[in-house]
Amino acid sequence: MTGRLPAVLFGLTLSAACASTQAVPRPFPVPGGHPPAPEAPVPPVTPAPKAPTAPPPSRSARNAVVSTALALRGTPYKNGGADPGGFDCSGFVDYVFGRHAILLPRTVAELAHEGRKVPLRDVMPGDLVFFSTVAPGPSHVGIAISRDRFVHAPSSRGEVRVERLDARYWASRLVAVRRVLR
(Lines give C-alpha, C1' and ligand atoms only; values in the text may rest on other atoms or scores of the structure.)
Protein backbone atom coordinates (compact mmCIF):
# COMPACT_ATOMS: atom_id res chain seq x y z
CA MET A 1 0.00 0.00 0.00
CA THR A 2 2.88 2.33 0.74
CA GLY A 3 4.25 1.75 -2.77
CA ARG A 4 1.03 3.02 -4.38
CA LEU A 5 0.77 6.16 -2.25
CA PRO A 6 3.83 7.89 -3.76
CA ALA A 7 2.62 6.98 -7.27
CA VAL A 8 -0.83 8.44 -6.55
CA LEU A 9 0.69 11.61 -5.09
CA PHE A 10 3.00 11.90 -8.13
CA GLY A 11 -0.01 11.56 -10.48
CA LEU A 12 -1.95 14.20 -8.54
CA THR A 13 1.03 16.52 -8.65
CA LEU A 14 1.26 16.12 -12.44
CA SER A 15 -2.45 16.72 -12.94
CA ALA A 16 -2.34 19.77 -10.68
CA ALA A 17 0.64 21.16 -12.60
CA CYS A 18 -1.17 20.81 -15.91
CA ALA A 19 -4.28 22.40 -14.57
CA SER A 20 -2.44 25.34 -13.08
CA THR A 21 -0.41 26.04 -16.23
CA GLN A 22 -3.30 25.26 -18.59
CA ALA A 23 -0.87 23.13 -20.61
CA VAL A 24 -2.38 20.42 -22.79
CA PRO A 25 -0.68 17.08 -21.93
CA ARG A 26 0.41 14.79 -24.74
CA PRO A 27 -1.16 11.29 -24.70
CA PHE A 28 0.96 8.60 -23.09
CA PRO A 29 2.31 5.90 -25.43
CA VAL A 30 0.51 2.60 -25.33
CA PRO A 31 2.89 -0.37 -24.72
CA GLY A 32 3.07 -2.62 -27.78
CA GLY A 33 0.65 -0.41 -29.66
CA HIS A 34 0.98 2.10 -32.41
CA PRO A 35 2.12 5.62 -31.73
CA PRO A 36 -0.80 7.84 -30.94
CA ALA A 37 -2.35 9.88 -33.71
CA PRO A 38 -1.21 13.47 -33.74
CA GLU A 39 -3.52 15.81 -31.90
CA ALA A 40 -5.34 18.60 -33.61
CA PRO A 41 -3.49 21.85 -33.11
CA VAL A 42 -4.69 23.85 -30.15
CA PRO A 43 -5.56 27.40 -31.14
CA PRO A 44 -3.53 30.01 -29.31
CA VAL A 45 -5.20 31.68 -26.39
CA THR A 46 -6.16 35.19 -27.33
CA PRO A 47 -5.85 37.75 -24.57
CA ALA A 48 -9.03 39.26 -23.23
CA PRO A 49 -9.78 42.64 -24.75
CA LYS A 50 -8.62 45.62 -22.73
CA ALA A 51 -11.24 47.45 -20.76
CA PRO A 52 -12.44 50.40 -22.77
CA THR A 53 -11.04 53.75 -21.76
CA ALA A 54 -13.25 56.77 -21.59
CA PRO A 55 -13.47 58.31 -25.02
CA PRO A 56 -12.07 61.79 -25.39
CA PRO A 57 -14.64 64.50 -24.97
CA SER A 58 -16.49 64.99 -28.20
CA ARG A 59 -15.92 68.24 -30.01
CA SER A 60 -19.66 68.64 -30.49
CA ALA A 61 -20.36 68.34 -26.73
CA ARG A 62 -17.67 70.91 -25.97
CA ASN A 63 -18.94 73.25 -28.67
CA ALA A 64 -22.52 72.93 -27.41
CA VAL A 65 -21.51 73.81 -23.82
CA VAL A 66 -19.40 76.76 -24.99
CA SER A 67 -22.20 78.02 -27.28
CA THR A 68 -24.69 77.92 -24.41
CA ALA A 69 -22.27 79.76 -22.13
CA LEU A 70 -21.52 82.44 -24.72
CA ALA A 71 -25.22 82.97 -25.45
CA LEU A 72 -25.62 84.08 -21.82
CA ARG A 73 -23.11 86.98 -22.04
CA GLY A 74 -24.57 90.10 -20.59
CA THR A 75 -26.78 88.25 -18.08
CA PRO A 76 -26.60 90.17 -14.79
CA TYR A 77 -24.74 88.91 -11.75
CA LYS A 78 -26.96 87.84 -8.88
CA ASN A 79 -25.61 86.36 -5.67
CA GLY A 80 -27.05 82.83 -5.45
CA GLY A 81 -28.51 83.13 -8.95
CA ALA A 82 -28.78 80.04 -11.14
CA ASP A 83 -30.99 81.08 -14.07
CA PRO A 84 -31.00 83.65 -16.89
CA GLY A 85 -32.55 86.18 -14.50
CA GLY A 86 -29.11 86.38 -12.85
CA PHE A 87 -26.13 84.13 -12.07
CA ASP A 88 -23.38 83.76 -9.56
CA CYS A 89 -20.30 81.88 -10.83
CA SER A 90 -21.28 78.35 -9.79
CA GLY A 91 -24.93 78.93 -10.68
CA PHE A 92 -23.75 79.87 -14.18
CA VAL A 93 -21.74 76.64 -14.50
CA ASP A 94 -24.64 74.60 -13.11
CA TYR A 95 -27.10 76.15 -15.55
CA VAL A 96 -24.87 75.82 -18.65
CA PHE A 97 -23.95 72.17 -18.07
CA GLY A 98 -27.49 71.35 -16.94
CA ARG A 99 -28.82 72.48 -20.35
CA HIS A 100 -26.82 69.54 -21.77
CA ALA A 101 -27.98 67.00 -19.17
CA ILE A 102 -24.65 67.14 -17.32
CA LEU A 103 -25.42 67.37 -13.64
CA LEU A 104 -22.75 69.01 -11.50
CA PRO A 105 -22.62 70.11 -7.88
CA ARG A 106 -23.80 73.65 -7.16
CA THR A 107 -20.92 75.17 -5.14
CA VAL A 108 -17.37 76.09 -6.15
CA ALA A 109 -15.96 73.92 -3.34
CA GLU A 110 -17.85 70.86 -4.63
CA LEU A 111 -17.11 71.61 -8.30
CA ALA A 112 -13.39 71.75 -7.48
CA HIS A 113 -13.48 67.97 -6.92
CA GLU A 114 -15.43 67.03 -10.07
CA GLY A 115 -13.87 65.44 -13.14
CA ARG A 116 -10.12 65.19 -13.37
CA LYS A 117 -7.41 67.77 -12.96
CA VAL A 118 -5.58 68.78 -16.14
CA PRO A 119 -2.58 71.08 -16.61
CA LEU A 120 -3.26 74.59 -17.87
CA ARG A 121 -1.30 73.84 -21.05
CA ASP A 122 -3.95 71.16 -21.87
CA VAL A 123 -7.04 73.30 -21.23
CA MET A 124 -9.84 72.65 -23.72
CA PRO A 125 -13.16 74.38 -24.37
CA GLY A 126 -15.68 73.23 -21.76
CA ASP A 127 -13.10 72.67 -19.00
CA LEU A 128 -13.75 74.33 -15.66
CA VAL A 129 -11.20 76.94 -14.56
CA PHE A 130 -10.88 77.77 -10.86
CA PHE A 131 -9.50 80.88 -9.22
CA SER A 132 -8.64 81.94 -5.70
CA THR A 133 -10.27 85.36 -5.40
CA VAL A 134 -11.37 85.84 -1.79
CA ALA A 135 -9.56 83.16 0.22
CA PRO A 136 -6.93 80.47 -0.31
CA GLY A 137 -8.22 77.70 -2.55
CA PRO A 138 -10.91 77.79 -5.23
CA SER A 139 -13.50 80.50 -4.66
CA HIS A 140 -14.49 81.36 -8.26
CA VAL A 141 -15.19 79.21 -11.35
CA GLY A 142 -15.59 79.80 -15.06
CA ILE A 143 -15.82 77.76 -18.27
CA ALA A 144 -12.89 77.69 -20.70
CA ILE A 145 -13.92 78.63 -24.24
CA SER A 146 -10.42 78.28 -25.74
CA ARG A 147 -6.84 77.80 -24.59
CA ASP A 148 -6.62 81.42 -23.49
CA ARG A 149 -10.16 82.63 -22.75
CA PHE A 150 -12.99 81.76 -20.40
CA VAL A 151 -16.56 82.87 -19.71
CA HIS A 152 -17.86 83.44 -16.20
CA ALA A 153 -20.26 85.37 -13.96
CA PRO A 154 -18.10 87.76 -11.96
CA SER A 155 -19.52 90.22 -9.47
CA SER A 156 -17.06 93.03 -10.21
CA ARG A 157 -18.85 94.38 -13.31
CA GLY A 158 -22.09 92.58 -12.72
CA GLU A 159 -22.62 90.45 -15.85
CA VAL A 160 -21.58 87.22 -17.58
CA ARG A 161 -18.55 88.00 -19.74
CA VAL A 162 -15.45 86.63 -21.47
CA GLU A 163 -11.96 87.20 -20.02
CA ARG A 164 -8.42 86.21 -20.90
CA LEU A 165 -6.76 83.51 -18.78
CA ASP A 166 -3.44 85.30 -19.17
CA ALA A 167 -4.75 88.66 -17.89
CA ARG A 168 -2.66 89.65 -14.88
CA TYR A 169 -5.55 89.45 -12.42
CA TRP A 170 -6.79 86.00 -13.52
CA ALA A 171 -3.40 84.41 -14.27
CA SER A 172 -2.16 85.24 -10.77
CA ARG A 173 -5.25 83.66 -9.20
CA LEU A 174 -5.71 80.52 -11.33
CA VAL A 175 -5.52 77.47 -9.06
CA ALA A 176 -6.91 74.55 -11.11
CA VAL A 177 -8.36 73.32 -14.38
CA ARG A 178 -10.75 70.37 -14.24
CA ARG A 179 -12.22 68.33 -17.08
CA VAL A 180 -15.81 67.20 -16.50
CA LEU A 181 -16.81 66.41 -20.08
CA ARG A 182 -16.06 62.83 -21.09
# chains A, B, ... in the order shown; residues from 1 in each chain; ligands from 1
call {"tool": "select_by_dssp", "arguments": {"residues": "range 69-154 of chain A", "states": "helix (DSSP H, G or I)", "output": "short mmCIF file (atom, residue, chain, number, x, y, z; two decimals) with N, CA and C atoms, in the first residue's frame"}}
result
data_model
loop_
_atom_site.label_atom_id
_atom_site.label_comp_id
_atom_site.auth_asym_id
_atom_site.auth_seq_id
_atom_site.Cartn_x
_atom_site.Cartn_y
_atom_site.Cartn_z
N ALA A 69 -22.90 78.79 -23.04
CA ALA A 69 -22.27 79.76 -22.13
C ALA A 69 -22.15 81.13 -22.78
N LEU A 70 -21.70 81.16 -24.03
CA LEU A 70 -21.52 82.44 -24.72
C LEU A 70 -22.85 83.14 -24.99
N ALA A 71 -23.90 82.39 -25.20
CA ALA A 71 -25.22 82.97 -25.45
C ALA A 71 -25.74 83.72 -24.22
N CYS A 89 -21.21 82.68 -9.99
CA CYS A 89 -20.30 81.88 -10.83
C CYS A 89 -20.66 80.41 -10.90
N SER A 90 -20.95 79.79 -9.76
CA SER A 90 -21.28 78.35 -9.79
C SER A 90 -22.68 78.11 -10.31
N GLY A 91 -23.59 79.04 -10.11
CA GLY A 91 -24.93 78.93 -10.68
C GLY A 91 -24.87 78.98 -12.20
N PHE A 92 -23.96 79.79 -12.73
CA PHE A 92 -23.75 79.87 -14.18
C PHE A 92 -23.27 78.53 -14.73
N VAL A 93 -22.27 77.94 -14.08
CA VAL A 93 -21.74 76.64 -14.50
C VAL A 93 -22.83 75.58 -14.41
N ASP A 94 -23.56 75.57 -13.31
CA ASP A 94 -24.64 74.60 -13.11
C ASP A 94 -25.69 74.72 -14.22
N TYR A 95 -26.08 75.93 -14.53
CA TYR A 95 -27.10 76.15 -15.55
C TYR A 95 -26.61 75.72 -16.93
N VAL A 96 -25.40 76.14 -17.31
CA VAL A 96 -24.87 75.82 -18.65
C VAL A 96 -24.76 74.32 -18.85
N PHE A 97 -24.12 73.62 -17.92
CA PHE A 97 -23.95 72.17 -18.07
C PHE A 97 -25.29 71.45 -17.95
N GLY A 98 -26.18 71.95 -17.10
CA GLY A 98 -27.49 71.35 -16.94
C GLY A 98 -28.31 71.38 -18.23
N VAL A 108 -18.75 76.11 -5.65
CA VAL A 108 -17.37 76.09 -6.15
C VAL A 108 -16.57 75.01 -5.43
N ALA A 109 -16.72 74.91 -4.12
CA ALA A 109 -15.96 73.92 -3.34
C ALA A 109 -16.24 72.50 -3.83
N GLU A 110 -17.50 72.20 -4.13
CA GLU A 110 -17.85 70.86 -4.63
C GLU A 110 -17.39 70.68 -6.07
N LEU A 111 -17.55 71.69 -6.90
CA LEU A 111 -17.11 71.61 -8.30
C LEU A 111 -15.61 71.36 -8.41
N LEU A 120 -2.79 73.43 -17.12
CA LEU A 120 -3.26 74.59 -17.87
C LEU A 120 -2.89 74.49 -19.34
N ARG A 121 -1.73 73.94 -19.65
CA ARG A 121 -1.30 73.84 -21.05
C ARG A 121 -2.23 72.93 -21.87
N ASP A 122 -3.04 72.09 -21.19
CA ASP A 122 -3.95 71.16 -21.87
C ASP A 122 -5.40 71.61 -21.81
#
call {"tool": "residues_around", "arguments": {"residues": "range 144-153 of chain A", "least_positions_apart": "6", "cutoff": "7 Å", "atoms": "only C-alpha atoms", "output": "number ranges by chain"}}
result
A: 66, 69, 77, 87-89, 92, 123-129, 159-166
call {"tool": "residues_around", "arguments": {"residues": "range 113-118 of chain A", "least_positions_apart": "4", "cutoff": "6 Å", "atoms": "only C-alpha atoms", "output": "list of chain:residue names"}}
result
A:Val177, A:Arg178, A:Arg179, A:Val180
call {"tool": "atom_distance", "arguments": {"atom1": "CA of Asn79 in chain A", "atom2": "CA of Ala61 in chain A"}}
result
28.2 Å
call {"tool": "atom_distance", "arguments": {"atom1": "CA of Arg157 in chain A", "atom2": "CA of Lys78 in chain A"}}
result
11.3 Å
call {"tool": "select_by_dssp", "arguments": {"residues": "range 72-149 of chain A", "states": "strand (DSSP E or B)", "output": "MDAnalysis selection string"}}
result
chainID A and resid 76:77 82:83 86:87 116:117 128:131 140:144 149
